[in-house]
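The structure file structure_7.pdb is reproduced below (PDB, C-alpha atoms, pLDDT in the B column).
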```
ATOM      1  CA  MET R   1     -40.180 -32.578-149.429  1.00 43.00           C
ATOM      2  CA  ASN R   2     -38.752 -32.011-145.960  1.00 37.00           C
ATOM      3  CA  ARG R   3     -42.124 -31.925-144.256  1.00 40.00           C
ATOM      4  CA  SER R   4     -43.330 -35.246-142.914  1.00 40.00           C
ATOM      5  CA  ALA R   5     -45.464 -37.156-145.377  1.00 41.00           C
ATOM      6  CA  PRO R   6     -49.000 -38.165-144.484  1.00 42.00           C
ATOM      7  CA  ALA R   7     -49.672 -41.874-144.383  1.00 42.00           C
ATOM      8  CA  PRO R   8     -51.070 -43.165-147.684  1.00 43.00           C
ATOM      9  CA  PRO R   9     -54.524 -44.737-147.661  1.00 42.00           C
ATOM     10  CA  ALA R  10     -54.642 -48.281-146.264  1.00 42.00           C
ATOM     11  CA  GLY R  11     -53.422 -50.815-148.802  1.00 46.00           C
ATOM     12  CA  THR R  12     -51.740 -48.192-151.002  1.00 50.00           C
ATOM     13  CA  PRO R  13     -48.199 -49.224-151.954  1.00 66.00           C
ATOM     14  CA  GLU R  14     -47.146 -45.618-152.447  1.00 82.00           C
ATOM     15  CA  ARG R  15     -45.577 -42.846-150.415  1.00 85.00           C
ATOM     16  CA  ILE R  16     -47.101 -39.389-150.552  1.00 87.00           C
ATOM     17  CA  PHE R  17     -45.044 -36.258-149.889  1.00 87.00           C
ATOM     18  CA  PRO R  18     -46.576 -32.787-149.589  1.00 89.00           C
ATOM     19  CA  LEU R  19     -44.810 -30.131-151.663  1.00 88.00           C
ATOM     20  CA  GLU R  20     -44.626 -26.371-151.767  1.00 82.00           C
ATOM     21  CA  ALA R  21     -47.102 -24.909-154.243  1.00 79.00           C
ATOM     22  CA  GLY R  22     -45.613 -24.676-157.718  1.00 79.00           C
ATOM     23  CA  ALA R  23     -42.735 -27.051-156.941  1.00 83.00           C
ATOM     24  CA  ASP R  24     -40.418 -27.552-159.917  1.00 87.00           C
ATOM     25  CA  ILE R  25     -40.306 -31.073-161.334  1.00 88.00           C
ATOM     26  CA  TYR R  26     -36.547 -30.990-161.863  1.00 89.00           C
ATOM     27  CA  ALA R  27     -36.015 -30.127-158.193  1.00 89.00           C
ATOM     28  CA  ILE R  28     -38.381 -32.942-157.173  1.00 91.00           C
ATOM     29  CA  HIS R  29     -36.544 -35.404-159.420  1.00 91.00           C
ATOM     30  CA  ARG R  30     -33.164 -34.358-157.958  1.00 91.00           C
ATOM     31  CA  ALA R  31     -34.448 -34.712-154.386  1.00 92.00           C
ATOM     32  CA  LEU R  32     -35.827 -38.189-155.115  1.00 92.00           C
ATOM     33  CA  GLU R  33     -32.552 -39.296-156.723  1.00 92.00           C
ATOM     34  CA  ALA R  34     -30.591 -37.983-153.737  1.00 93.00           C
ATOM     35  CA  LYS R  35     -32.794 -39.952-151.330  1.00 90.00           C
ATOM     36  CA  PHE R  36     -33.523 -43.166-153.288  1.00 89.00           C
ATOM     37  CA  GLY R  37     -30.722 -43.425-155.850  1.00 90.00           C
ATOM     38  CA  PRO R  38     -30.693 -42.898-159.609  1.00 91.00           C
ATOM     39  CA  ARG R  39     -34.130 -43.560-161.104  1.00 87.00           C
ATOM     40  CA  ARG R  40     -32.818 -45.780-163.905  1.00 86.00           C
ATOM     41  CA  GLU R  41     -30.979 -48.019-161.441  1.00 88.00           C
ATOM     42  CA  ALA R  42     -33.488 -48.012-158.583  1.00 87.00           C
ATOM     43  CA  ALA R  43     -36.532 -48.142-160.956  1.00 89.00           C
ATOM     44  CA  TRP R  44     -38.798 -45.978-158.796  1.00 91.00           C
ATOM     45  CA  LEU R  45     -41.722 -44.124-160.339  1.00 94.00           C
ATOM     46  CA  TRP R  46     -43.292 -40.881-159.243  1.00 94.00           C
ATOM     47  CA  ALA R  47     -46.125 -38.581-160.191  1.00 93.00           C
ATOM     48  CA  LEU R  48     -46.909 -34.979-159.398  1.00 91.00           C
ATOM     49  CA  GLN R  49     -50.432 -34.146-158.392  1.00 89.00           C
ATOM     50  CA  ARG R  50     -51.280 -30.463-158.290  1.00 86.00           C
ATOM     51  CA  GLY R  51     -54.505 -29.364-156.712  1.00 82.00           C
ATOM     52  CA  PRO R  52     -56.305 -26.697-154.725  1.00 83.00           C
ATOM     53  CA  ALA R  53     -55.445 -28.493-151.476  1.00 80.00           C
ATOM     54  CA  GLY R  54     -51.754 -28.351-152.410  1.00 83.00           C
ATOM     55  CA  ASP R  55     -49.214 -30.216-154.489  1.00 89.00           C
ATOM     56  CA  VAL R  56     -48.084 -33.735-153.618  1.00 91.00           C
ATOM     57  CA  CYS R  57     -45.447 -36.126-154.917  1.00 92.00           C
ATOM     58  CA  ILE R  58     -46.638 -39.721-155.164  1.00 93.00           C
ATOM     59  CA  LEU R  59     -43.728 -42.166-155.076  1.00 93.00           C
ATOM     60  CA  ARG R  60     -43.750 -45.872-155.855  1.00 92.00           C
ATOM     61  CA  LEU R  61     -40.647 -47.847-154.892  1.00 89.00           C
ATOM     62  CA  PRO R  62     -40.141 -51.246-156.540  1.00 84.00           C
ATOM     63  CA  ALA R  63     -39.084 -52.869-153.253  1.00 78.00           C
ATOM     64  CA  GLY R  64     -42.245 -53.863-151.460  1.00 75.00           C
ATOM     65  CA  PHE R  65     -44.556 -52.854-154.301  1.00 83.00           C
ATOM     66  CA  ALA R  66     -47.202 -55.451-154.960  1.00 84.00           C
ATOM     67  CA  PRO R  67     -49.802 -54.520-157.567  1.00 87.00           C
ATOM     68  CA  PRO R  68     -53.387 -55.179-156.534  1.00 89.00           C
ATOM     69  CA  ARG R  69     -54.872 -58.566-157.334  1.00 92.00           C
ATOM     70  CA  LEU R  70     -56.359 -58.218-160.763  1.00 95.00           C
ATOM     71  CA  ALA R  71     -58.712 -60.451-162.734  1.00 96.00           C
ATOM     72  CA  VAL R  72     -59.723 -60.455-166.375  1.00 97.00           C
ATOM     73  CA  GLY R  73     -62.834 -58.374-166.935  1.00 96.00           C
ATOM     74  CA  GLU R  74     -62.524 -56.225-163.808  1.00 96.00           C
ATOM     75  CA  ARG R  75     -62.952 -52.497-164.245  1.00 97.00           C
ATOM     76  CA  TRP R  76     -60.716 -50.125-162.331  1.00 96.00           C
ATOM     77  CA  LEU R  77     -60.620 -46.370-161.912  1.00 96.00           C
ATOM     78  CA  PHE R  78     -57.228 -45.172-163.100  1.00 96.00           C
ATOM     79  CA  ARG R  79     -54.944 -42.178-163.426  1.00 95.00           C
ATOM     80  CA  LEU R  80     -51.920 -41.807-165.696  1.00 96.00           C
ATOM     81  CA  HIS R  81     -49.809 -38.745-166.428  1.00 94.00           C
ATOM     82  CA  ALA R  82     -47.922 -39.268-169.670  1.00 91.00           C
ATOM     83  CA  ARG R  83     -45.808 -37.552-172.281  1.00 86.00           C
ATOM     84  CA  VAL R  84     -47.386 -38.280-175.632  1.00 85.00           C
ATOM     85  CA  GLY R  85     -46.460 -37.183-179.115  1.00 71.00           C
ATOM     86  CA  GLN R  86     -44.231 -38.321-181.924  1.00 68.00           C
ATOM     87  CA  LYS R  87     -40.690 -37.986-183.185  1.00 70.00           C
ATOM     88  CA  ASP R  88     -40.023 -35.203-185.628  1.00 70.00           C
ATOM     89  CA  ALA R  89     -38.570 -36.926-188.732  1.00 75.00           C
ATOM     90  CA  ALA R  90     -36.363 -33.941-189.582  1.00 80.00           C
ATOM     91  CA  THR R  91     -34.801 -33.321-186.151  1.00 76.00           C
ATOM     92  CA  GLY R  92     -35.267 -36.635-184.348  1.00 72.00           C
ATOM     93  CA  ARG R  93     -36.664 -34.726-181.360  1.00 70.00           C
ATOM     94  CA  ARG R  94     -39.871 -35.748-179.639  1.00 68.00           C
ATOM     95  CA  ARG R  95     -42.701 -33.285-180.219  1.00 66.00           C
ATOM     96  CA  SER R  96     -45.945 -33.010-178.297  1.00 69.00           C
ATOM     97  CA  TRP R  97     -49.197 -32.785-180.176  1.00 63.00           C
ATOM     98  CA  ARG R  98     -51.179 -29.567-180.161  1.00 66.00           C
ATOM     99  CA  ARG R  99     -53.118 -29.004-176.965  1.00 66.00           C
ATOM    100  CA  GLY R 100     -56.501 -29.370-178.655  1.00 69.00           C
ATOM    101  CA  GLU R 101     -55.657 -32.773-180.116  1.00 77.00           C
ATOM    102  CA  THR R 102     -57.307 -34.785-177.378  1.00 85.00           C
ATOM    103  CA  GLY R 103     -58.462 -37.452-179.856  1.00 86.00           C
ATOM    104  CA  ARG R 104     -54.851 -38.300-180.743  1.00 89.00           C
ATOM    105  CA  ARG R 105     -53.960 -38.456-177.063  1.00 90.00           C
ATOM    106  CA  LEU R 106     -56.865 -40.793-176.272  1.00 95.00           C
ATOM    107  CA  ALA R 107     -55.919 -42.974-179.257  1.00 94.00           C
ATOM    108  CA  TRP R 108     -52.355 -43.132-177.841  1.00 94.00           C
ATOM    109  CA  LEU R 109     -53.814 -44.311-174.508  1.00 96.00           C
ATOM    110  CA  GLU R 110     -55.871 -47.012-176.246  1.00 97.00           C
ATOM    111  CA  ARG R 111     -52.784 -48.295-178.124  1.00 96.00           C
ATOM    112  CA  ARG R 112     -50.684 -48.306-174.958  1.00 96.00           C
ATOM    113  CA  GLY R 113     -53.484 -50.007-173.066  1.00 97.00           C
ATOM    114  CA  ALA R 114     -53.603 -52.807-175.624  1.00 97.00           C
ATOM    115  CA  GLU R 115     -49.804 -53.218-175.293  1.00 97.00           C
ATOM    116  CA  HIS R 116     -50.012 -53.289-171.505  1.00 98.00           C
ATOM    117  CA  GLY R 117     -53.012 -55.559-170.984  1.00 98.00           C
ATOM    118  CA  PHE R 118     -55.965 -53.219-170.492  1.00 98.00           C
ATOM    119  CA  ALA R 119     -58.761 -51.727-172.552  1.00 98.00           C
ATOM    120  CA  VAL R 120     -59.932 -48.171-172.016  1.00 97.00           C
ATOM    121  CA  ALA R 121     -63.600 -48.250-171.021  1.00 97.00           C
ATOM    122  CA  ALA R 122     -63.902 -44.491-170.454  1.00 96.00           C
ATOM    123  CA  ALA R 123     -61.287 -41.775-170.282  1.00 97.00           C
ATOM    124  CA  SER R 124     -60.765 -38.061-170.284  1.00 95.00           C
ATOM    125  CA  VAL R 125     -57.551 -36.140-170.769  1.00 94.00           C
ATOM    126  CA  GLY R 126     -56.355 -32.780-169.573  1.00 91.00           C
ATOM    127  CA  ILE R 127     -53.180 -31.182-170.868  1.00 89.00           C
ATOM    128  CA  VAL R 128     -50.849 -29.271-168.573  1.00 87.00           C
ATOM    129  CA  ARG R 129     -47.774 -27.394-169.749  1.00 85.00           C
ATOM    130  CA  GLU R 130     -45.188 -28.065-167.040  1.00 82.00           C
ATOM    131  CA  PRO R 131     -41.937 -26.051-166.849  1.00 81.00           C
ATOM    132  CA  VAL R 132     -38.648 -27.848-166.234  1.00 81.00           C
ATOM    133  CA  ARG R 133     -35.991 -25.561-164.782  1.00 81.00           C
ATOM    134  CA  LYS R 134     -32.701 -27.371-165.265  1.00 82.00           C
ATOM    135  CA  PRO R 135     -29.611 -25.214-164.883  1.00 83.00           C
ATOM    136  CA  LYS R 136     -28.679 -23.897-168.341  1.00 85.00           C
ATOM    137  CA  ALA R 137     -31.601 -25.700-169.998  1.00 81.00           C
ATOM    138  CA  GLU R 138     -35.127 -24.544-169.202  1.00 82.00           C
ATOM    139  CA  PHE R 139     -37.910 -26.142-171.244  1.00 80.00           C
ATOM    140  CA  TRP R 140     -41.550 -27.238-171.094  1.00 76.00           C
ATOM    141  CA  ILE R 141     -43.186 -30.647-171.070  1.00 81.00           C
ATOM    142  CA  ASP R 142     -46.797 -31.102-172.105  1.00 85.00           C
ATOM    143  CA  ARG R 143     -48.206 -33.560-169.575  1.00 87.00           C
ATOM    144  CA  SER R 144     -51.339 -35.461-170.607  1.00 91.00           C
ATOM    145  CA  GLU R 145     -53.366 -36.244-167.495  1.00 93.00           C
ATOM    146  CA  PHE R 146     -55.564 -39.249-168.240  1.00 96.00           C
ATOM    147  CA  SER R 147     -58.257 -40.503-165.887  1.00 96.00           C
ATOM    148  CA  GLY R 148     -61.235 -42.791-166.209  1.00 97.00           C
ATOM    149  CA  VAL R 149     -61.939 -46.520-166.227  1.00 97.00           C
ATOM    150  CA  VAL R 150     -59.916 -49.391-167.660  1.00 98.00           C
ATOM    151  CA  GLU R 151     -60.923 -53.016-168.111  1.00 98.00           C
ATOM    152  CA  ILE R 152     -58.302 -55.605-167.249  1.00 98.00           C
ATOM    153  CA  MET R 153     -57.522 -57.908-170.178  1.00 98.00           C
ATOM    154  CA  ASP R 154     -54.182 -59.392-169.036  1.00 98.00           C
ATOM    155  CA  PRO R 155     -53.504 -58.998-165.289  1.00 97.00           C
ATOM    156  CA  GLU R 156     -49.796 -59.868-165.579  1.00 96.00           C
ATOM    157  CA  ARG R 157     -49.101 -57.232-168.232  1.00 97.00           C
ATOM    158  CA  VAL R 158     -51.025 -54.606-166.254  1.00 96.00           C
ATOM    159  CA  ALA R 159     -49.006 -55.467-163.134  1.00 94.00           C
ATOM    160  CA  ALA R 160     -45.791 -55.142-165.163  1.00 94.00           C
ATOM    161  CA  ALA R 161     -46.925 -51.726-166.446  1.00 95.00           C
ATOM    162  CA  MET R 162     -47.641 -50.603-162.890  1.00 95.00           C
ATOM    163  CA  THR R 163     -44.104 -51.597-161.905  1.00 91.00           C
ATOM    164  CA  ALA R 164     -42.164 -50.325-164.954  1.00 92.00           C
ATOM    165  CA  GLY R 165     -44.344 -47.427-166.137  1.00 93.00           C
ATOM    166  CA  ILE R 166     -45.892 -46.537-169.477  1.00 95.00           C
ATOM    167  CA  GLY R 167     -44.349 -44.265-172.087  1.00 88.00           C
ATOM    168  CA  GLY R 168     -41.442 -41.891-171.652  1.00 85.00           C
ATOM    169  CA  GLY R 169     -40.639 -39.073-169.279  1.00 86.00           C
ATOM    170  CA  ARG R 170     -40.360 -41.124-166.088  1.00 90.00           C
ATOM    171  CA  ALA R 171     -37.645 -38.815-164.741  1.00 87.00           C
ATOM    172  CA  TRP R 172     -40.175 -35.965-164.983  1.00 87.00           C
ATOM    173  CA  GLY R 173     -42.898 -37.745-163.013  1.00 92.00           C
ATOM    174  CA  LEU R 174     -44.677 -39.320-165.968  1.00 93.00           C
ATOM    175  CA  GLY R 175     -45.662 -42.879-166.802  1.00 94.00           C
ATOM    176  CA  MET R 176     -46.895 -44.153-163.422  1.00 94.00           C
ATOM    177  CA  LEU R 177     -50.158 -46.068-163.954  1.00 96.00           C
ATOM    178  CA  ARG R 178     -52.266 -45.786-160.811  1.00 94.00           C
ATOM    179  CA  LEU R 179     -55.256 -48.049-160.236  1.00 94.00           C
ATOM    180  CA  LEU R 180     -57.395 -46.220-157.697  1.00 91.00           C
ATOM    181  CA  GLY R 181     -60.049 -48.811-156.953  1.00 90.00           C
ATOM    182  CA  LYS R 182     -62.491 -51.175-158.595  1.00 91.00           C
ATOM    183  CA  GLN R 183     -65.398 -49.571-160.352  1.00 87.00           C
ATOM    184  CA  GLU R 184     -68.582 -50.471-158.603  1.00 76.00           C
ATOM    185  CA  GLU R 185     -71.318 -51.940-160.796  1.00 66.00           C
TER     186      GLU R 185
END
```
Output the structure of this file as structure tokens.
Amino acid sequence: MNRSAPAPPAGTPERIFPLEAGADIYAIHRALEAKFGPRREAAWLWALQRGPAGDVCILRLPAGFAPPRLAVGERWLFRLHARVGQKDAATGRRRSWRRGETGRRLAWLERRGAEHGFAVAAASVGIVREPVRKPKAEFWIDRSEFSGVVEIMDPERVAAAMTAGIGGGRAWGLGMLRLLGKQEE
């Protein structure tokens, strides 16, 4: 993240940092904590976007973040990377669902949307297995990459979700709800 970051699109309350291809999410998390303070205290959110043009870290700092003006009934294009699954009753550990269980993942998104003030109008999900290389503890996280269209039901709850995040795994770049623009009729 030492290279200079390109300016985000006009009106975007996020910072975008180019990354080396294949950047490790633990290293990104550590670099962000070193620069902006502990995530739990500073409440920043981030997301990793991998693509053919290169990897980028998208960072949202709570200071200065103002969610877009939202109104009931508006439809917005969205993106959300999330860790979904359930607790294993025997071990108490969180387990991801099988990769082919996209229906369960989309149902999770619909439930979370209802909790956070939006309805899912259309969505798709991709599943990426992301390695985490912590010293003495390497493991994998299954990242559900949701995208599509949401309809705003409660603008205040959606704004709160954009500020606080949705679901777990925020330290690993998950949970940041991004509204990318209004859907044109």
Non-local contacts of Ala31 in chain R (12 Å; all atoms listed in the file; under 2 positions in same chain excluded) as JSON, numbers by chain: {"R": [1, 2, 17, 19, 23, 24, 25, 26, 27, 28, 29, 33, 34, 35, 36, 37, 38, 39, 46, 57, 59, 171]}
Resulting file, chosen residues, C-alpha atoms, as an mmCIF file, in the frame of the given file:
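New file selection_39.cif:
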```
data_model
loop_
_atom_site.group_PDB
_atom_site.id
_atom_site.type_symbol
_atom_site.label_atom_id
_atom_site.label_comp_id
_atom_site.auth_asym_id
_atom_site.auth_seq_id
_atom_site.Cartn_x
_atom_site.Cartn_y
_atom_site.Cartn_z
ATOM 1 C CA MET R 1 -40.180 -32.578 -149.429
ATOM 2 C CA ASN R 2 -38.752 -32.011 -145.960
ATOM 3 C CA PHE R 17 -45.044 -36.258 -149.889
ATOM 4 C CA LEU R 19 -44.810 -30.131 -151.663
ATOM 5 C CA ALA R 23 -42.735 -27.051 -156.941
ATOM 6 C CA ASP R 24 -40.418 -27.552 -159.917
ATOM 7 C CA ILE R 25 -40.306 -31.073 -161.334
ATOM 8 C CA TYR R 26 -36.547 -30.990 -161.863
ATOM 9 C CA ALA R 27 -36.015 -30.127 -158.193
ATOM 10 C CA ILE R 28 -38.381 -32.942 -157.173
ATOM 11 C CA HIS R 29 -36.544 -35.404 -159.420
ATOM 12 C CA GLU R 33 -32.552 -39.296 -156.723
ATOM 13 C CA ALA R 34 -30.591 -37.983 -153.737
ATOM 14 C CA LYS R 35 -32.794 -39.952 -151.330
ATOM 15 C CA PHE R 36 -33.523 -43.166 -153.288
ATOM 16 C CA GLY R 37 -30.722 -43.425 -155.850
ATOM 17 C CA PRO R 38 -30.693 -42.898 -159.609
ATOM 18 C CA ARG R 39 -34.130 -43.560 -161.104
ATOM 19 C CA TRP R 46 -43.292 -40.881 -159.243
ATOM 20 C CA CYS R 57 -45.447 -36.126 -154.917
ATOM 21 C CA LEU R 59 -43.728 -42.166 -155.076
ATOM 22 C CA ALA R 171 -37.645 -38.815 -164.741
#
```
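Our summary of the geometry notes that CA of Gly85 in chain R is positioned 12.0 Å from CA of Gly103 in chain R.
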task: Determine, counting only C-alpha atoms, which protein, DNA and RNA residues have an atom within 10 Å of an atom of Ala43 in chain R; residues of the same chain fewer than 5 positions away are not included. Present the result as a ChimeraX atom specification.
output: /R:36-38,60-63,163-165,170
- request: Go through R:Phe65, R:Trp76, R:Phe118, R:Trp172 and flag the residue nearest Phe139 in chain R, using only C-alpha atoms for the distances.
  value: R:Trp172
- prompt: Quick one: of R:Gly73, R:Lys87, R:Gly175, R:Arg105, who's nearest to Val149 in chain R, counting only C-alpha atoms?
  reply: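 Closest to Val149 in chain R of all the choices is R:Gly73.
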- request: Apply the PyMOL selection byres ((chain R and resi 53) around 12) to the displayed file and report the matching residues as number ranges by chain.
  value: R: 18-21, 49-52, 54-56
- request: Specify as a VMD selection string each residue included when the PyMOL selection byres ((chain R and resi 182) around 12) is applied to this file.
  value: chain R and resid 68 to 71 73 to 78 148 to 152 178 to 181 183 to 185
- request: Mind giving me the straight-line distance from CA of Glu145 in chain R to CA of Glu41 in chain R in Å, one decimal?
  value: 26.0 Å
- prompt: At what distance in Å, to one decimal, does CA of Val120 in chain R lie from CA of Asp88 in chain R?
  reply: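 Spanning CA of Asp88 in chain R to CA of Val120 in chain R is a straight-line distance of 27.4 Å.
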query: Given the choices R:Ala161, R:Ala119, R:Met153, R:Val128, which gets closest to Leu177 in chain R if the distance is worked out from all atoms listed in the file?
result: R:Ala161
message: Assuming the chain letters and numbering stay as they are in my file, what does the PyMOL selection byres ((chain R and resi 123-126) around 6) actually select? List them as number ranges by chain.
response: R: 122, 127, 144-148
How big is the axis-aligned box around the listed atoms of range 31-34 of chain R once 3 Å is added on each side, and where is its centre? Give both in Å to one decimal, as AutoDock Vina command-line options.
```
--center_x -33.2 --center_y -37.0 --center_z -155.2 --size_x 11.2 --size_y 10.6 --size_z 9.0
```
